[in-house]
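Here the structure comes first, spelled out in structure tokens, and everything after it is commentary.
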Amino acid sequence: MISEMNFWERIVYLLQQYGVSYLKGAGTTLVIAVVSTFIGCIIGFVAGIIQTIPVDKRRDSLAKRGLLKAVQTVFSIYVEVFRGTPMIVQAVFIYYGLSQMCHIQLGMWQAAFLVVSINTGAYMAESVRGGIISVDPGQMEGAKAIGMTHVQAMMTVILPQAFRNILPQIGNNLIINIKDTSVLSIISIVDLFFVHKSVAGAMYTYFESATIVMIMYLIMTVCASGLLRLWEKRMDGDAAYELADPMDIGNQMNKKGGEKLR
Amino acid sequence: MNTEGKTEILRVSHLEKSFGSHVVLKDINFAVEAGDVISVIGASGSGKSTMLRCINLLETPTGGQIFYHDEDITDPKLNVPAYRSRVGMVFQNFNLFYNMDVLENCMTGQVKVLRKDKKSAQEKAMHFLKKVGMEPYIHARPRQLSGGQKQRVAIARALAMEPELLLFDEPTSALDPQMVGEVLDVMTDLAREGLTMVIVTHEMAFAKDISKRVIFMADGLIEEEGTPKQIFEAPQSAVTKEFLSRFRGV
Ligand SMILES: Nc1ncnc2c1ncn2[C@@H]1O[C@H](COP(=O)(O)OP(=O)(O)O)[C@@H](O)[C@H]1O
Ligand SMILES: [Mg+2]
């Protein structure tokens, strides 16, 4: 009987009995975290880009400026609300709010993606805005000086650099989301933590089940941060570069003498 | 067109610029003709950068007009990017795109703004990179280059747009002294080839050597304008004399 087993025997027993459930729960957690981080990033980029559009009082029409201001205000409110409240409350608010006020009954996946994406989007919006602002203003001026429009400059020069700047924060959000999907069990989403609660409650094996779940979360987060670090490295590229035509350098240097004085 | 049959590219007329209550440019008037090499000298804070930035519309003038050929570029209806693609600018801090290598830096404007195909953009970029002696470094990233090399790439990037007029804002001021020469050499070549340039600089010997005309700015105004000979050897204004006396022996 389980009450006569020691710690290790109980762990083995749980894994034999519920291993598949734990794995399914972990899979659910991972899918929610990855998909929602991705959608959250898209929301964040849209919000961050809109919030950094400059206005020119002389060249932009009043209607355009008014519309932009309105959209920017909506995004600021969104950011404040979803950064300033706990996700566990947001989950309940959105899930039951939609069902009660709009008669929309969300499925498990829909609810999970919606809540976590919106929450991540609010954090990413600030990160993206910060990432854009932290790019040297000279980059924008360099792009404008060769005739790029604001959109062209953003797409080809600013956003690629901003993206590299905020990559660590995207990773951070992914890790946070892997852990924080656990609060979604409050709206009955069968993630890893939900599996834990069911198994532990039924078998009175809180400590053993928590040990298993701790390790599973840790494996997921460690893998996620490792993969992201790899991505960062790849984006930074080689520290060295190859000279286009090594045989010709001497000639080139002589022609345009690097050390030639005026 | 003016009386000598030369094409007037740019005419600055009663240009004013203030930041809030701080009046930086008071009443700037001058013209640039095709083939002109104009050096702008003056004390730091006299408004030289602000004037160049107004010409490139990186700053919006608060008064006066700037005519590019016959078009008033201070008109709010102007297509600003199209204008900027005709008037290039080289910055003190290079402003090379850090997410691109040297070759891409010189191609992106041609492809995105001038809508050229990649192949001809690359040929043009290579042509100008060769000209500034940076051809071997096409796959280097800006961070891997010295200041002088960066500035030469920045010049190639501007040239690749084939601008009608090129503005330089203290192109050698951020460089270590031993790198100033390589950049000035490139600019001297460009001047000889007839590129129209307006150059803000503190390199007096260089200005005297290559300019067709020199503008001396003081306190938001053009204090004196003339040939290098007139300005450097026989300045009329006391302010000009005082300024130049600090560069004696350069
Ligand atoms: N964006 C700005 N806002 C406020 N003041 C400025 C700005 N840019 C320049 N100025 C002021 O304008 C004056 C002229 O600056 P600048 O054109 O850079 O001079 P210069 O290039 O001749 O050294 C300085 O007093 C400077 O502080
Ligand atoms: Mg300056």
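Residues in the structure tokens are named by chain (A, B, ... in the order shown) and by number from 1 within that chain; ligands are numbered from 1 in the order shown.
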Select residues of chain B: the criterion is any atom within 7 Å of an atom of chain A, counting only C-alpha atoms; output as a ChimeraX atom specification. /B:76-77,81-82,84-85,88-89,95-97,99,109,113,133,136-140,158,181-182
Show me which residues line ligand 1, defined as having an atom within 10 Å of a ligand atom where only C-alpha atoms and all ligand atoms count, and present them as a PDB file with N, CA and C atoms, in the first residue's frame.
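Everything below was put into part09.pdb:
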```
ATOM      1  N   LYS B  17      16.296  79.440 -37.028  1.00  0.00           N
ATOM      2  CA  LYS B  17      15.947  78.250 -36.248  1.00  0.00           C
ATOM      3  C   LYS B  17      16.079  78.576 -34.771  1.00  0.00           C
ATOM      4  N   SER B  18      15.021  78.337 -34.035  1.00  0.00           N
ATOM      5  CA  SER B  18      15.158  78.448 -32.580  1.00  0.00           C
ATOM      6  C   SER B  18      14.633  77.177 -31.926  1.00  0.00           C
ATOM      7  N   PHE B  19      15.235  76.847 -30.807  1.00  0.00           N
ATOM      8  CA  PHE B  19      14.731  75.761 -29.961  1.00  0.00           C
ATOM      9  C   PHE B  19      14.055  76.425 -28.776  1.00  0.00           C
ATOM     10  N   GLY B  20      12.738  76.414 -28.762  1.00  0.00           N
ATOM     11  CA  GLY B  20      12.029  77.162 -27.721  1.00  0.00           C
ATOM     12  C   GLY B  20      12.374  78.633 -27.845  1.00  0.00           C
ATOM     13  N   SER B  21      12.869  79.219 -26.768  1.00  0.00           N
ATOM     14  CA  SER B  21      13.205  80.643 -26.823  1.00  0.00           C
ATOM     15  C   SER B  21      14.664  80.861 -27.219  1.00  0.00           C
ATOM     16  N   HIS B  22      15.392  79.745 -27.399  1.00  0.00           N
ATOM     17  CA  HIS B  22      16.813  79.839 -27.722  1.00  0.00           C
ATOM     18  C   HIS B  22      16.995  79.977 -29.235  1.00  0.00           C
ATOM     19  N   VAL B  23      17.346  81.193 -29.665  1.00  0.00           N
ATOM     20  CA  VAL B  23      17.521  81.450 -31.094  1.00  0.00           C
ATOM     21  C   VAL B  23      18.921  81.004 -31.506  1.00  0.00           C
ATOM     22  N   VAL B  24      18.984  80.005 -32.382  1.00  0.00           N
ATOM     23  CA  VAL B  24      20.281  79.445 -32.764  1.00  0.00           C
ATOM     24  C   VAL B  24      20.738  79.981 -34.122  1.00  0.00           C
ATOM     25  N   LEU B  25      19.806  80.043 -35.083  1.00  0.00           N
ATOM     26  CA  LEU B  25      20.138  80.625 -36.390  1.00  0.00           C
ATOM     27  C   LEU B  25      19.286  81.873 -36.573  1.00  0.00           C
ATOM     28  N   VAL B  40      32.389  75.495 -44.060  1.00  0.00           N
ATOM     29  CA  VAL B  40      31.749  76.320 -43.045  1.00  0.00           C
ATOM     30  C   VAL B  40      32.588  76.208 -41.787  1.00  0.00           C
ATOM     31  N   ILE B  41      33.124  77.318 -41.343  1.00  0.00           N
ATOM     32  CA  ILE B  41      33.938  77.311 -40.129  1.00  0.00           C
ATOM     33  C   ILE B  41      33.285  78.220 -39.092  1.00  0.00           C
ATOM     34  N   GLY B  42      33.729  78.095 -37.868  1.00  0.00           N
ATOM     35  CA  GLY B  42      33.167  78.927 -36.812  1.00  0.00           C
ATOM     36  C   GLY B  42      33.287  78.225 -35.474  1.00  0.00           C
ATOM     37  N   ALA B  43      33.155  79.018 -34.421  1.00  0.00           N
ATOM     38  CA  ALA B  43      33.331  78.475 -33.085  1.00  0.00           C
ATOM     39  C   ALA B  43      32.256  77.433 -32.789  1.00  0.00           C
ATOM     40  N   SER B  44      32.558  76.567 -31.869  1.00  0.00           N
ATOM     41  CA  SER B  44      31.588  75.563 -31.443  1.00  0.00           C
ATOM     42  C   SER B  44      30.392  76.262 -30.802  1.00  0.00           C
ATOM     43  N   GLY B  45      29.199  75.874 -31.195  1.00  0.00           N
ATOM     44  CA  GLY B  45      27.988  76.507 -30.669  1.00  0.00           C
ATOM     45  C   GLY B  45      27.486  77.644 -31.535  1.00  0.00           C
ATOM     46  N   SER B  46      28.192  77.926 -32.643  1.00  0.00           N
ATOM     47  CA  SER B  46      27.775  79.048 -33.482  1.00  0.00           C
ATOM     48  C   SER B  46      26.596  78.684 -34.395  1.00  0.00           C
ATOM     49  N   GLY B  47      26.244  77.380 -34.454  1.00  0.00           N
ATOM     50  CA  GLY B  47      25.051  76.990 -35.209  1.00  0.00           C
ATOM     51  C   GLY B  47      25.344  76.254 -36.512  1.00  0.00           C
ATOM     52  N   LYS B  48      26.584  75.824 -36.703  1.00  0.00           N
ATOM     53  CA  LYS B  48      26.962  75.171 -37.965  1.00  0.00           C
ATOM     54  C   LYS B  48      26.185  73.870 -38.178  1.00  0.00           C
ATOM     55  N   SER B  49      26.179  73.027 -37.142  1.00  0.00           N
ATOM     56  CA  SER B  49      25.455  71.749 -37.277  1.00  0.00           C
ATOM     57  C   SER B  49      23.976  71.991 -37.496  1.00  0.00           C
ATOM     58  N   THR B  50      23.421  72.914 -36.736  1.00  0.00           N
ATOM     59  CA  THR B  50      21.991  73.199 -36.860  1.00  0.00           C
ATOM     60  C   THR B  50      21.661  73.639 -38.282  1.00  0.00           C
ATOM     61  N   MET B  51      22.546  74.432 -38.877  1.00  0.00           N
ATOM     62  CA  MET B  51      22.305  74.878 -40.247  1.00  0.00           C
ATOM     63  C   MET B  51      22.296  73.686 -41.213  1.00  0.00           C
ATOM     64  N   LEU B  52      23.294  72.809 -41.095  1.00  0.00           N
ATOM     65  CA  LEU B  52      23.330  71.631 -41.971  1.00  0.00           C
ATOM     66  C   LEU B  52      22.102  70.758 -41.756  1.00  0.00           C
ATOM     67  N   ARG B  53      21.726  70.597 -40.494  1.00  0.00           N
ATOM     68  CA  ARG B  53      20.585  69.735 -40.177  1.00  0.00           C
ATOM     69  C   ARG B  53      19.279  70.336 -40.698  1.00  0.00           C
ATOM     70  N   CYS B  54      19.212  71.665 -40.747  1.00  0.00           N
ATOM     71  CA  CYS B  54      18.036  72.302 -41.353  1.00  0.00           C
ATOM     72  C   CYS B  54      18.014  72.031 -42.852  1.00  0.00           C
ATOM     73  N   GLU B  59      16.280  68.941 -38.820  1.00  0.00           N
ATOM     74  CA  GLU B  59      15.617  69.940 -37.976  1.00  0.00           C
ATOM     75  C   GLU B  59      14.665  70.720 -38.875  1.00  0.00           C
ATOM     76  N   ASP B 169      29.212  67.075 -41.688  1.00  0.00           N
ATOM     77  CA  ASP B 169      29.229  67.768 -40.396  1.00  0.00           C
ATOM     78  C   ASP B 169      30.425  67.289 -39.575  1.00  0.00           C
ATOM     79  N   GLU B 170      31.488  68.069 -39.608  1.00  0.00           N
ATOM     80  CA  GLU B 170      32.718  67.746 -38.878  1.00  0.00           C
ATOM     81  C   GLU B 170      33.103  66.270 -39.026  1.00  0.00           C
ATOM     82  N   VAL B 200      31.278  71.336 -42.928  1.00  0.00           N
ATOM     83  CA  VAL B 200      31.564  71.984 -41.653  1.00  0.00           C
ATOM     84  C   VAL B 200      32.832  71.345 -41.113  1.00  0.00           C
ATOM     85  N   THR B 201      33.841  72.152 -40.846  1.00  0.00           N
ATOM     86  CA  THR B 201      35.111  71.561 -40.423  1.00  0.00           C
ATOM     87  C   THR B 201      35.915  72.501 -39.535  1.00  0.00           C
ATOM     88  N   MET B 217      30.893  81.378 -39.621  1.00  0.00           N
ATOM     89  CA  MET B 217      29.681  81.609 -38.843  1.00  0.00           C
ATOM     90  C   MET B 217      30.022  82.019 -37.424  1.00  0.00           C
ATOM     91  N   ALA B 218      29.254  82.969 -36.901  1.00  0.00           N
ATOM     92  CA  ALA B 218      29.416  83.368 -35.509  1.00  0.00           C
ATOM     93  C   ALA B 218      28.041  83.712 -34.961  1.00  0.00           C
ATOM     94  N   ASP B 219      27.715  83.086 -33.860  1.00  0.00           N
ATOM     95  CA  ASP B 219      26.507  83.470 -33.135  1.00  0.00           C
ATOM     96  C   ASP B 219      25.234  83.413 -33.983  1.00  0.00           C
ATOM     97  N   GLY B 220      25.096  82.367 -34.786  1.00  0.00           N
ATOM     98  CA  GLY B 220      23.864  82.182 -35.542  1.00  0.00           C
ATOM     99  C   GLY B 220      23.758  83.018 -36.797  1.00  0.00           C
TER     100      GLY B 220
END
```
Write out as a short mmCIF file (atom, residue, chain, number, x, y, z; two decimals) with N, CA and C atoms, in the first residue's frame all residues of region 2-250 of chain B that backbone DSSP assigns to strand (DSSP E).
```cif
data_model
loop_
_atom_site.label_atom_id
_atom_site.label_comp_id
_atom_site.auth_asym_id
_atom_site.auth_seq_id
_atom_site.Cartn_x
_atom_site.Cartn_y
_atom_site.Cartn_z
N GLU B 8 22.25 76.63 -59.98
CA GLU B 8 22.15 76.82 -58.54
C GLU B 8 21.40 75.62 -57.97
N ILE B 9 22.03 74.92 -57.03
CA ILE B 9 21.39 73.73 -56.46
C ILE B 9 20.56 74.10 -55.24
N LEU B 10 21.16 74.93 -54.41
CA LEU B 10 20.51 75.22 -53.14
C LEU B 10 20.62 76.71 -52.83
N ARG B 11 19.55 77.27 -52.34
CA ARG B 11 19.63 78.66 -51.88
C ARG B 11 18.96 78.77 -50.51
N VAL B 12 19.74 79.19 -49.55
CA VAL B 12 19.23 79.37 -48.19
C VAL B 12 18.88 80.84 -48.05
N SER B 13 17.64 81.12 -47.65
CA SER B 13 17.17 82.49 -47.66
C SER B 13 16.53 82.84 -46.32
N HIS B 14 17.17 83.75 -45.61
CA HIS B 14 16.68 84.23 -44.30
C HIS B 14 16.34 83.07 -43.36
N LEU B 15 17.16 82.03 -43.38
CA LEU B 15 16.90 80.86 -42.53
C LEU B 15 17.01 81.21 -41.05
N GLU B 16 16.00 80.79 -40.32
CA GLU B 16 16.01 80.97 -38.86
C GLU B 16 15.68 79.65 -38.20
N LYS B 17 16.30 79.44 -37.03
CA LYS B 17 15.95 78.25 -36.25
C LYS B 17 16.08 78.58 -34.77
N SER B 18 15.02 78.34 -34.04
CA SER B 18 15.16 78.45 -32.58
C SER B 18 14.63 77.18 -31.93
N PHE B 19 15.23 76.85 -30.81
CA PHE B 19 14.73 75.76 -29.96
C PHE B 19 14.05 76.42 -28.78
N HIS B 22 15.39 79.75 -27.40
CA HIS B 22 16.81 79.84 -27.72
C HIS B 22 17.00 79.98 -29.24
N VAL B 23 17.35 81.19 -29.66
CA VAL B 23 17.52 81.45 -31.09
C VAL B 23 18.92 81.00 -31.51
N VAL B 24 18.98 80.00 -32.38
CA VAL B 24 20.28 79.44 -32.76
C VAL B 24 20.74 79.98 -34.12
N LEU B 25 19.81 80.04 -35.08
CA LEU B 25 20.14 80.63 -36.39
C LEU B 25 19.29 81.87 -36.57
N LYS B 26 19.93 83.00 -36.94
CA LYS B 26 19.19 84.26 -36.96
C LYS B 26 18.75 84.68 -38.35
N ASP B 27 19.66 84.66 -39.29
CA ASP B 27 19.30 85.11 -40.64
C ASP B 27 20.40 84.64 -41.58
N ILE B 28 20.26 83.38 -42.02
CA ILE B 28 21.32 82.76 -42.81
C ILE B 28 20.97 82.85 -44.29
N ASN B 29 21.89 83.39 -45.08
CA ASN B 29 21.68 83.50 -46.52
C ASN B 29 22.93 83.05 -47.26
N PHE B 30 22.78 82.07 -48.11
CA PHE B 30 23.87 81.73 -49.04
C PHE B 30 23.34 80.78 -50.10
N ALA B 31 24.13 80.60 -51.14
CA ALA B 31 23.69 79.73 -52.23
C ALA B 31 24.79 78.73 -52.55
N VAL B 32 24.37 77.59 -53.06
CA VAL B 32 25.32 76.56 -53.46
C VAL B 32 25.09 76.27 -54.94
N GLU B 33 26.15 76.39 -55.72
CA GLU B 33 26.05 76.08 -57.14
C GLU B 33 26.68 74.73 -57.43
N VAL B 37 32.53 73.80 -53.63
CA VAL B 37 32.97 73.17 -52.39
C VAL B 37 33.02 74.29 -51.36
N ILE B 38 32.10 74.25 -50.43
CA ILE B 38 31.98 75.33 -49.47
C ILE B 38 32.34 74.81 -48.08
N SER B 39 33.30 75.46 -47.46
CA SER B 39 33.62 75.09 -46.08
C SER B 39 32.93 76.05 -45.14
N VAL B 40 32.39 75.50 -44.06
CA VAL B 40 31.75 76.32 -43.05
C VAL B 40 32.59 76.21 -41.79
N ILE B 41 33.12 77.32 -41.34
CA ILE B 41 33.94 77.31 -40.13
C ILE B 41 33.29 78.22 -39.09
N GLY B 42 33.73 78.10 -37.87
CA GLY B 42 33.17 78.93 -36.81
C GLY B 42 33.29 78.22 -35.47
N GLY B 63 12.01 79.64 -39.53
CA GLY B 63 11.77 80.82 -40.34
C GLY B 63 12.60 80.78 -41.60
N GLY B 64 12.18 81.56 -42.61
CA GLY B 64 12.94 81.62 -43.85
C GLY B 64 12.65 80.45 -44.77
N GLN B 65 13.41 80.40 -45.85
CA GLN B 65 13.19 79.35 -46.84
C GLN B 65 14.51 78.73 -47.27
N ILE B 66 14.40 77.50 -47.73
CA ILE B 66 15.54 76.84 -48.37
C ILE B 66 15.03 76.32 -49.71
N PHE B 67 15.65 76.78 -50.79
CA PHE B 67 15.22 76.34 -52.11
C PHE B 67 16.18 75.29 -52.64
N TYR B 68 15.63 74.15 -53.02
CA TYR B 68 16.40 73.12 -53.71
C TYR B 68 15.98 73.24 -55.16
N GLU B 71 12.42 74.55 -55.74
CA GLU B 71 11.40 74.05 -54.83
C GLU B 71 11.73 74.46 -53.39
N ASP B 72 10.75 75.01 -52.71
CA ASP B 72 10.95 75.40 -51.32
C ASP B 72 10.78 74.16 -50.43
N VAL B 87 20.11 64.77 -51.43
CA VAL B 87 21.07 65.56 -50.67
C VAL B 87 21.61 64.71 -49.54
N GLY B 88 22.83 64.25 -49.66
CA GLY B 88 23.39 63.32 -48.69
C GLY B 88 24.00 64.02 -47.49
N MET B 89 24.25 63.24 -46.44
CA MET B 89 24.86 63.83 -45.25
C MET B 89 25.83 62.83 -44.62
N VAL B 90 26.98 63.36 -44.24
CA VAL B 90 27.97 62.55 -43.54
C VAL B 90 28.12 63.13 -42.15
N LEU B 165 24.21 66.86 -53.93
CA LEU B 165 24.91 67.71 -52.96
C LEU B 165 25.20 66.85 -51.73
N LEU B 166 26.41 66.98 -51.21
CA LEU B 166 26.76 66.19 -50.04
C LEU B 166 27.16 67.12 -48.89
N LEU B 167 26.53 66.92 -47.74
CA LEU B 167 26.81 67.74 -46.57
C LEU B 167 27.69 66.96 -45.61
N PHE B 168 28.69 67.60 -45.06
CA PHE B 168 29.58 66.94 -44.08
C PHE B 168 29.54 67.73 -42.79
N ASP B 169 29.21 67.08 -41.69
CA ASP B 169 29.23 67.77 -40.40
C ASP B 169 30.42 67.29 -39.58
N MET B 197 29.84 70.06 -52.49
CA MET B 197 29.92 69.72 -51.07
C MET B 197 29.80 70.96 -50.19
N VAL B 198 29.15 70.79 -49.05
CA VAL B 198 29.18 71.79 -47.98
C VAL B 198 29.77 71.11 -46.77
N ILE B 199 30.90 71.61 -46.29
CA ILE B 199 31.66 70.90 -45.28
C ILE B 199 31.84 71.76 -44.03
N VAL B 200 31.28 71.34 -42.93
CA VAL B 200 31.56 71.98 -41.65
C VAL B 200 32.83 71.35 -41.11
N ARG B 213 34.72 78.38 -51.71
CA ARG B 213 34.32 79.49 -50.86
C ARG B 213 34.32 79.04 -49.40
N VAL B 214 34.50 79.99 -48.51
CA VAL B 214 34.50 79.69 -47.08
C VAL B 214 33.45 80.59 -46.41
N ILE B 215 32.67 79.96 -45.54
CA ILE B 215 31.68 80.72 -44.78
C ILE B 215 32.12 80.69 -43.32
N PHE B 216 32.21 81.85 -42.73
CA PHE B 216 32.54 81.90 -41.30
C PHE B 216 31.28 82.26 -40.53
N MET B 217 30.89 81.38 -39.62
CA MET B 217 29.68 81.61 -38.84
C MET B 217 30.02 82.02 -37.42
N ALA B 218 29.25 82.97 -36.90
CA ALA B 218 29.42 83.37 -35.51
C ALA B 218 28.04 83.71 -34.96
N LEU B 221 24.86 83.66 -37.18
CA LEU B 221 24.86 84.48 -38.39
C LEU B 221 26.08 84.14 -39.24
N ILE B 222 25.99 84.42 -40.55
CA ILE B 222 27.20 84.34 -41.37
C ILE B 222 27.94 85.66 -41.21
N GLU B 223 29.04 85.58 -40.52
CA GLU B 223 29.79 86.80 -40.21
C GLU B 223 30.55 87.26 -41.45
N GLU B 224 31.08 86.29 -42.19
CA GLU B 224 31.88 86.66 -43.35
C GLU B 224 31.91 85.49 -44.34
N GLU B 225 31.90 85.83 -45.61
CA GLU B 225 31.94 84.79 -46.63
C GLU B 225 32.85 85.24 -47.75
N GLY B 226 33.64 84.32 -48.29
CA GLY B 226 34.52 84.71 -49.40
C GLY B 226 35.36 83.55 -49.87
#
```
So which residues touch Thr205 (chain A) within 9 Å, counting only C-alpha atoms, skipping near sequence neighbours fewer than 4 positions away, as a ChimeraX atom specification? /A:10-11,14,199-201,209-210
Output file for the selection above: N, CA, C and O atoms, as a PDB file, in the first residue's frame:
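Listing of selection-v4.pdb after writing:
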```pdb
ATOM      1  N   ARG A  10       7.530   5.876  -3.431  1.00  0.00           N
ATOM      2  CA  ARG A  10       6.345   6.656  -3.817  1.00  0.00           C
ATOM      3  C   ARG A  10       6.558   7.395  -5.130  1.00  0.00           C
ATOM      4  O   ARG A  10       5.661   7.479  -5.966  1.00  0.00           O
ATOM      5  N   ILE A  11       7.764   7.945  -5.279  1.00  0.00           N
ATOM      6  CA  ILE A  11       8.055   8.644  -6.536  1.00  0.00           C
ATOM      7  C   ILE A  11       7.942   7.688  -7.710  1.00  0.00           C
ATOM      8  O   ILE A  11       7.318   7.996  -8.728  1.00  0.00           O
ATOM      9  N   LEU A  14       4.311   6.933  -8.371  1.00  0.00           N
ATOM     10  CA  LEU A  14       3.613   8.027  -9.052  1.00  0.00           C
ATOM     11  C   LEU A  14       3.972   8.074 -10.531  1.00  0.00           C
ATOM     12  O   LEU A  14       3.125   8.284 -11.396  1.00  0.00           O
ATOM     13  N   VAL A 199      -3.225  14.657  -8.787  1.00  0.00           N
ATOM     14  CA  VAL A 199      -2.540  13.450  -8.323  1.00  0.00           C
ATOM     15  C   VAL A 199      -2.260  13.529  -6.828  1.00  0.00           C
ATOM     16  O   VAL A 199      -2.588  12.621  -6.048  1.00  0.00           O
ATOM     17  N   ALA A 200      -1.684  14.660  -6.395  1.00  0.00           N
ATOM     18  CA  ALA A 200      -1.283  14.796  -5.001  1.00  0.00           C
ATOM     19  C   ALA A 200      -2.498  14.733  -4.087  1.00  0.00           C
ATOM     20  O   ALA A 200      -2.476  14.091  -3.032  1.00  0.00           O
ATOM     21  N   GLY A 201      -3.589  15.371  -4.512  1.00  0.00           N
ATOM     22  CA  GLY A 201      -4.800  15.394  -3.697  1.00  0.00           C
ATOM     23  C   GLY A 201      -5.391  14.005  -3.543  1.00  0.00           C
ATOM     24  O   GLY A 201      -5.784  13.593  -2.445  1.00  0.00           O
ATOM     25  N   SER A 209       4.934  14.330  -5.259  1.00  0.00           N
ATOM     26  CA  SER A 209       4.475  14.883  -6.536  1.00  0.00           C
ATOM     27  C   SER A 209       5.124  16.242  -6.808  1.00  0.00           C
ATOM     28  O   SER A 209       5.545  16.529  -7.933  1.00  0.00           O
ATOM     29  N   ALA A 210       5.243  17.056  -5.773  1.00  0.00           N
ATOM     30  CA  ALA A 210       5.873  18.365  -5.949  1.00  0.00           C
ATOM     31  C   ALA A 210       7.325  18.211  -6.386  1.00  0.00           C
ATOM     32  O   ALA A 210       7.838  18.993  -7.190  1.00  0.00           O
TER      33      ALA A 210
END
```
Residue list (alpha helix (DSSP H), DSSP) for region 40-213 of chain B, as a PyMOL selection string: chain B and resi 48-55+80-84+102-112+118-131+147-159+177-192+204-210
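The shortest atom-to-atom distance to ligand 2, with only C-alpha atoms and all ligand atoms taken into account, belongs to B:Ala174 out of B:Ala174, B:Met161, B:Met100, B:Ala125.
For the choices B:Ser245, B:Asn93, B:Thr188, B:Gln151, the atom-to-atom distance to ligand 2 is smallest for B:Asn93 when using only C-alpha atoms and all ligand atoms.
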Residue among B:Pro171, B:Phe232, B:Asp189, B:Lys150 lying closest to ligand 2, counting only C-alpha atoms and all ligand atoms: B:Pro171
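Between ligand 2 and the residues B:Glu164, B:Leu78, B:Ser173, B:Phe128, the shortest atom-to-atom distance, using only C-alpha atoms and all ligand atoms, involves B:Ser173.
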